[in-house]
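These notes are about the structure you will find just below.
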Amino acid sequence: MKVLVTGSAGFIGSALCRRLLERGDEVVGVDNLDPYYDVTLKQARLDRLTPSARFTDVRLDIADQAGVRALFERERPQRVVNLAAQAGVRYSLENPQAYVNANLVGFTNILEACRHHEVEHLVYASSSSVYGANTRVPFSVHDNVDHPVSLYAASKKANELMAHCYSHLFGLPATGLRFFTVYGPWGRPDMALFVFARNIIEGRPIDVFNHGRHRRDFTYVDDVTEGVMRVLDKPAQPDPEWNGDAPDPATSRAPHRVYNIGNSNWVELGRFIEVLEECLGRKAERRLLPLQPGDVPDTYADVSDLERDFGYRPSVPVEVGVRRFVEWYTSYYGVT
């Protein structure tokens, strides 16, 4: 099939495009190469995709309404995966407008294009950040998530609401995926694992927030892309059991669903750093700091719905995933 993937130069987007190409799909990759982090790394990810004759590399900002409309008119994708977004919890405190432009305006343009071009299925990235002030774990898609603690999280909750509206009004099958702390080779330089590895190698201290007592549901990138592909191949259906007297946030009478994609197992940040130290063969100098604004202490995904509906449960442990990341990092940056 022809699949349009936004954020194709991103960490998850490029990995997903690669998997889709490997199985024989035609892929239209859309990215604006935003300089939020190293554009050279983004281009290197794209360079792994462009040799394929079935990959079309499009330079476009999804906040460009006319550009998105023209793209869909020209390419006529059957299915769409929207991964383009302004990422980062802490950056949303500094530059909120970037989140409005990419995550709200841009996503509206994608929804409109999907609506008018009869897209079979829209899969879009949400985030574990939507759980915000929730403390009951594991986090379930059936729980209410109306208390975000960052603008980034609020924009992702807004995406879920917007997609539901289009499913309800126009019958657009749409599935939101709440990603839990994705890591692995070709990862984002602003993520903790990348920052920690760089600083440890360079002999500089690492900032360990919440005094290392964070617990995160670290999810390996290959687990995530496998989950996305399985969801993409099964367009969302209305839930005939949905009841407006006791509304389930994860399902609807409309063809809209929400799932967690996480490892369904949390790891304390201190242990995560220990694994990285073992893989690098070096010790970190830890600078212990309090919890940062916008961060949550713990994340832990209930993935039982994903397992039930798609027969899939992410499984790569951090000991394996971190080792693979270190092997990539040292090779890519020429670290001995």
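Naming works like this for the structure tokens: A, B, ... for the chains as they're shown, residue 1 at the start of each chain, ligands 1 onward in shown order.
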List every residue of stretch 88-238 of chain A that DSSP, applied to the backbone of this structure, places in strand (DSSP E), and write the result as a list in words.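 Filtering stretch 88-238 of chain A down to strand (DSSP E) leaves His121, Leu122, Val123, Tyr124, Ala125, Ser126, Ser127, Ala174, Thr175, Gly176, Leu177, Arg178, Phe179, Val182, Tyr183, Ile206, Asp207, Val208, Arg215, Arg216, Thr219 and Tyr220 of chain A.
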Write the residues of the selection above to a file with N, CA, C and O atoms, as a PDB file, in the first residue's frame.
```
ATOM      1  N   HIS A 121      -7.056   4.840   7.046  1.00  0.00           N
ATOM      2  CA  HIS A 121      -6.729   4.769   8.468  1.00  0.00           C
ATOM      3  C   HIS A 121      -5.670   5.810   8.789  1.00  0.00           C
ATOM      4  O   HIS A 121      -4.649   5.904   8.092  1.00  0.00           O
ATOM      5  N   LEU A 122      -5.911   6.596   9.813  1.00  0.00           N
ATOM      6  CA  LEU A 122      -4.930   7.538  10.355  1.00  0.00           C
ATOM      7  C   LEU A 122      -4.447   7.002  11.695  1.00  0.00           C
ATOM      8  O   LEU A 122      -5.250   6.801  12.618  1.00  0.00           O
ATOM      9  N   VAL A 123      -3.150   6.770  11.788  1.00  0.00           N
ATOM     10  CA  VAL A 123      -2.527   6.421  13.063  1.00  0.00           C
ATOM     11  C   VAL A 123      -1.686   7.623  13.473  1.00  0.00           C
ATOM     12  O   VAL A 123      -0.923   8.155  12.661  1.00  0.00           O
ATOM     13  N   TYR A 124      -1.811   8.069  14.706  1.00  0.00           N
ATOM     14  CA  TYR A 124      -1.106   9.272  15.131  1.00  0.00           C
ATOM     15  C   TYR A 124      -0.459   9.070  16.497  1.00  0.00           C
ATOM     16  O   TYR A 124      -0.918   8.273  17.316  1.00  0.00           O
ATOM     17  N   ALA A 125       0.636   9.802  16.699  1.00  0.00           N
ATOM     18  CA  ALA A 125       1.390   9.690  17.943  1.00  0.00           C
ATOM     19  C   ALA A 125       0.752  10.531  19.031  1.00  0.00           C
ATOM     20  O   ALA A 125       0.579  11.743  18.882  1.00  0.00           O
ATOM     21  N   SER A 126       0.399   9.865  20.119  1.00  0.00           N
ATOM     22  CA  SER A 126       0.102  10.562  21.357  1.00  0.00           C
ATOM     23  C   SER A 126       1.303  10.327  22.278  1.00  0.00           C
ATOM     24  O   SER A 126       2.412  10.079  21.791  1.00  0.00           O
ATOM     25  N   SER A 127       1.120  10.380  23.570  1.00  0.00           N
ATOM     26  CA  SER A 127       2.268  10.290  24.471  1.00  0.00           C
ATOM     27  C   SER A 127       1.828   9.849  25.859  1.00  0.00           C
ATOM     28  O   SER A 127       0.710  10.154  26.299  1.00  0.00           O
ATOM     29  N   ALA A 174      -9.391   6.304  13.003  1.00  0.00           N
ATOM     30  CA  ALA A 174      -8.190   6.916  13.580  1.00  0.00           C
ATOM     31  C   ALA A 174      -7.814   6.197  14.869  1.00  0.00           C
ATOM     32  O   ALA A 174      -8.678   5.857  15.682  1.00  0.00           O
ATOM     33  N   THR A 175      -6.509   5.984  15.051  1.00  0.00           N
ATOM     34  CA  THR A 175      -6.000   5.318  16.248  1.00  0.00           C
ATOM     35  C   THR A 175      -4.852   6.129  16.823  1.00  0.00           C
ATOM     36  O   THR A 175      -3.884   6.443  16.114  1.00  0.00           O
ATOM     37  N   GLY A 176      -4.960   6.482  18.104  1.00  0.00           N
ATOM     38  CA  GLY A 176      -3.901   7.197  18.798  1.00  0.00           C
ATOM     39  C   GLY A 176      -3.043   6.243  19.601  1.00  0.00           C
ATOM     40  O   GLY A 176      -3.561   5.340  20.262  1.00  0.00           O
ATOM     41  N   LEU A 177      -1.736   6.433  19.545  1.00  0.00           N
ATOM     42  CA  LEU A 177      -0.797   5.567  20.252  1.00  0.00           C
ATOM     43  C   LEU A 177      -0.009   6.382  21.268  1.00  0.00           C
ATOM     44  O   LEU A 177       0.701   7.332  20.891  1.00  0.00           O
ATOM     45  N   ARG A 178      -0.145   6.013  22.518  1.00  0.00           N
ATOM     46  CA  ARG A 178       0.581   6.699  23.592  1.00  0.00           C
ATOM     47  C   ARG A 178       1.926   6.005  23.785  1.00  0.00           C
ATOM     48  O   ARG A 178       2.021   4.931  24.370  1.00  0.00           O
ATOM     49  N   PHE A 179       2.993   6.652  23.278  1.00  0.00           N
ATOM     50  CA  PHE A 179       4.336   6.097  23.366  1.00  0.00           C
ATOM     51  C   PHE A 179       4.924   6.363  24.755  1.00  0.00           C
ATOM     52  O   PHE A 179       4.771   7.450  25.308  1.00  0.00           O
ATOM     53  N   VAL A 182      10.549   6.198  24.423  1.00  0.00           N
ATOM     54  CA  VAL A 182      11.159   5.392  23.367  1.00  0.00           C
ATOM     55  C   VAL A 182      12.666   5.678  23.312  1.00  0.00           C
ATOM     56  O   VAL A 182      13.094   6.831  23.386  1.00  0.00           O
ATOM     57  N   TYR A 183      13.463   4.626  23.166  1.00  0.00           N
ATOM     58  CA  TYR A 183      14.921   4.777  23.098  1.00  0.00           C
ATOM     59  C   TYR A 183      15.478   3.748  22.121  1.00  0.00           C
ATOM     60  O   TYR A 183      14.775   2.812  21.712  1.00  0.00           O
ATOM     61  N   ILE A 206      26.520  14.094  34.669  1.00  0.00           N
ATOM     62  CA  ILE A 206      25.166  13.997  34.132  1.00  0.00           C
ATOM     63  C   ILE A 206      24.184  14.536  35.168  1.00  0.00           C
ATOM     64  O   ILE A 206      24.354  14.335  36.374  1.00  0.00           O
ATOM     65  N   ASP A 207      23.165  15.237  34.693  1.00  0.00           N
ATOM     66  CA  ASP A 207      22.117  15.760  35.567  1.00  0.00           C
ATOM     67  C   ASP A 207      21.070  14.674  35.777  1.00  0.00           C
ATOM     68  O   ASP A 207      20.434  14.220  34.818  1.00  0.00           O
ATOM     69  N   VAL A 208      20.906  14.260  37.019  1.00  0.00           N
ATOM     70  CA  VAL A 208      19.970  13.181  37.356  1.00  0.00           C
ATOM     71  C   VAL A 208      18.831  13.802  38.156  1.00  0.00           C
ATOM     72  O   VAL A 208      18.964  14.088  39.346  1.00  0.00           O
ATOM     73  N   ARG A 215      10.945   6.572  37.757  1.00  0.00           N
ATOM     74  CA  ARG A 215      10.760   5.241  37.177  1.00  0.00           C
ATOM     75  C   ARG A 215      10.072   5.429  35.830  1.00  0.00           C
ATOM     76  O   ARG A 215       9.064   6.111  35.735  1.00  0.00           O
ATOM     77  N   ARG A 216      10.657   4.821  34.810  1.00  0.00           N
ATOM     78  CA  ARG A 216      10.170   5.014  33.454  1.00  0.00           C
ATOM     79  C   ARG A 216       9.927   3.670  32.772  1.00  0.00           C
ATOM     80  O   ARG A 216      10.673   2.713  32.973  1.00  0.00           O
ATOM     81  N   THR A 219      10.883   1.968  26.358  1.00  0.00           N
ATOM     82  CA  THR A 219      10.374   1.137  25.276  1.00  0.00           C
ATOM     83  C   THR A 219      11.319   1.202  24.086  1.00  0.00           C
ATOM     84  O   THR A 219      11.577   2.288  23.548  1.00  0.00           O
ATOM     85  N   TYR A 220      11.818   0.048  23.680  1.00  0.00           N
ATOM     86  CA  TYR A 220      12.793  -0.011  22.596  1.00  0.00           C
ATOM     87  C   TYR A 220      12.127   0.312  21.264  1.00  0.00           C
ATOM     88  O   TYR A 220      10.995  -0.096  20.990  1.00  0.00           O
TER      89      TYR A 220
END
```
Which residues of stretch 101-169 of chain A have any atom within 12 Å of an atom in stretch 20-36 of chain A when counting only C-alpha atoms, and what is the closest pair of atoms for each, with the distance in Å to one decimal? Order the rows by chain and rising number and write it as CSV.
```
residue,atom,partner,partner_atom,distance
A:Ala102,CA,A:Asp34,CA,10.5
A:Gly106,CA,A:Asn32,CA,11.8
A:Ile110,CA,A:Val30,CA,11.5
```
Write a file of the selected residues as a short mmCIF file (atom, residue, chain, number, x, y, z; two decimals), in the first residue's frame, keeping C-alpha atoms.
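File produced: selection16.cif:
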```cif
data_model
loop_
_atom_site.label_atom_id
_atom_site.label_comp_id
_atom_site.auth_asym_id
_atom_site.auth_seq_id
_atom_site.Cartn_x
_atom_site.Cartn_y
_atom_site.Cartn_z
CA ALA A 102 3.18 21.78 14.96
CA GLY A 106 -0.25 20.91 11.86
CA ILE A 110 -3.47 16.36 8.55
#
```
As a PDB file with C-alpha atoms, in the first residue's frame, please: the residues near A:Ile273 (cut-off 10 Å, only C-alpha atoms, same-chain neighbours under 3 positions excluded).
```pdb
ATOM      1  CA  ALA A 192      18.213  11.204  28.602  1.00  0.00           C
ATOM      2  CA  LEU A 193      20.013   8.133  27.226  1.00  0.00           C
ATOM      3  CA  PHE A 196      23.976  10.561  29.473  1.00  0.00           C
ATOM      4  CA  ALA A 197      26.074   8.588  26.972  1.00  0.00           C
ATOM      5  CA  ILE A 206      25.166  13.997  34.132  1.00  0.00           C
ATOM      6  CA  VAL A 208      19.970  13.181  37.356  1.00  0.00           C
ATOM      7  CA  GLY A 212      17.426   9.306  40.289  1.00  0.00           C
ATOM      8  CA  GLU A 268      14.300   3.186  38.052  1.00  0.00           C
ATOM      9  CA  LEU A 269      16.447   5.848  36.416  1.00  0.00           C
ATOM     10  CA  GLY A 270      19.377   4.910  38.639  1.00  0.00           C
ATOM     11  CA  LEU A 276      24.569   2.366  30.466  1.00  0.00           C
ATOM     12  CA  GLU A 277      27.723   2.473  32.613  1.00  0.00           C
ATOM     13  CA  GLU A 278      28.177  -1.282  32.187  1.00  0.00           C
ATOM     14  CA  CYS A 279      27.792  -1.026  28.411  1.00  0.00           C
ATOM     15  CA  LYS A 283      31.277   5.363  35.532  1.00  0.00           C
ATOM     16  CA  ALA A 284      29.118   8.471  35.499  1.00  0.00           C
ATOM     17  CA  ARG A 286      26.013  12.061  38.888  1.00  0.00           C
ATOM     18  CA  VAL A 322      20.844   0.029  25.883  1.00  0.00           C
TER      19      VAL A 322
END
```
List every residue of stretch 126-227 of chain A that has an atom at most 9 Å from any atom of stretch 4-19 of chain A, giving for each one its closest atom pair and the distance in Å to one decimal, counting only C-alpha atoms, sorted by chain and then by ascending residue number, as a Markdown table.
```
| residue | atom | partner | partner_atom | distance |
| --- | --- | --- | --- | --- |
| A:Val182 | CA | A:Ile12 | CA | 8.2 |
| A:Tyr183 | CA | A:Phe11 | CA | 8.8 |
| A:Gly184 | CA | A:Phe11 | CA | 8.9 |
| A:Pro185 | CA | A:Phe11 | CA | 8.6 |
| A:Trp186 | CA | A:Phe11 | CA | 6.1 |
| A:Gly187 | CA | A:Phe11 | CA | 5.3 |
| A:Arg188 | CA | A:Phe11 | CA | 6.2 |
| A:Val221 | CA | A:Ile12 | CA | 6.7 |
| A:Asp222 | CA | A:Ala15 | CA | 7.7 |
| A:Val224 | CA | A:Ile12 | CA | 7.9 |
| A:Thr225 | CA | A:Leu16 | CA | 5.4 |
| A:Glu226 | CA | A:Leu16 | CA | 8.2 |
```
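For A:Arg115, the set of protein, DNA and RNA residues having any atom at most 7 Å away, when counting only C-alpha atoms and skipping those fewer than 4 positions along the same chain, is Leu111, Val119, Phe170 and Leu172 of chain A.
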Write the selection just made, keeping N, CA and C atoms, as a PDB file, in the first residue's frame?
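So again_20.pdb came out as:
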```
ATOM      1  N   LEU A 111      -5.627  16.111   9.645  1.00  0.00           N
ATOM      2  CA  LEU A 111      -6.998  15.607   9.765  1.00  0.00           C
ATOM      3  C   LEU A 111      -7.855  16.038   8.581  1.00  0.00           C
ATOM      4  N   VAL A 119      -8.828   8.745   3.360  1.00  0.00           N
ATOM      5  CA  VAL A 119      -7.763   7.900   3.902  1.00  0.00           C
ATOM      6  C   VAL A 119      -8.383   6.749   4.683  1.00  0.00           C
ATOM      7  N   PHE A 170     -16.971  12.483  10.499  1.00  0.00           N
ATOM      8  CA  PHE A 170     -16.706  12.143   9.098  1.00  0.00           C
ATOM      9  C   PHE A 170     -16.387  10.666   8.885  1.00  0.00           C
ATOM     10  N   LEU A 172     -13.813   8.979   9.867  1.00  0.00           N
ATOM     11  CA  LEU A 172     -12.396   8.721   9.622  1.00  0.00           C
ATOM     12  C   LEU A 172     -11.857   7.730  10.657  1.00  0.00           C
TER      13      LEU A 172
END
```
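Using only C-alpha atoms, the protein and nucleic acid residues lying no more than 8 Å from A:Pro189, apart from those fewer than 5 places from it along its own chain, are Tyr37, Asp38, Phe194 and Val195 of chain A.
Pairwise distance (atom CA of A:Tyr300, atom CA of A:Trp266) equals 5.7 Å.
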Nearest-residue call for A:Asp217, choices A:Pro255, A:Pro297, A:Gly281, A:Pro51, using only C-alpha atoms: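 When distances to A:Asp217 are compared using only C-alpha atoms, the smallest one comes from A:Pro297.
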Rounded to one decimal in Å, what is the spacing between atom CA of A:Arg76 and atom CA of A:Leu41?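 Here the two named atoms are 29.1 Å from each other.
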Have a look at A:Pro240, A:Gly334, A:Gly227, A:Pro249 and name the one nearest to A:Phe310; count only C-alpha atoms.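 Looking at the shortest contact to A:Phe310, the residue is A:Gly227.
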Among stretch 70-316 of chain A, which ones does DSSP assign to helix (DSSP H, G or I) (computed from the backbone)? Answer as a PyMOL selection string. chain A and resi 70-75+91-94+96-116+128-131+151-170+192-202+209-212+221-232+269-280+304-310
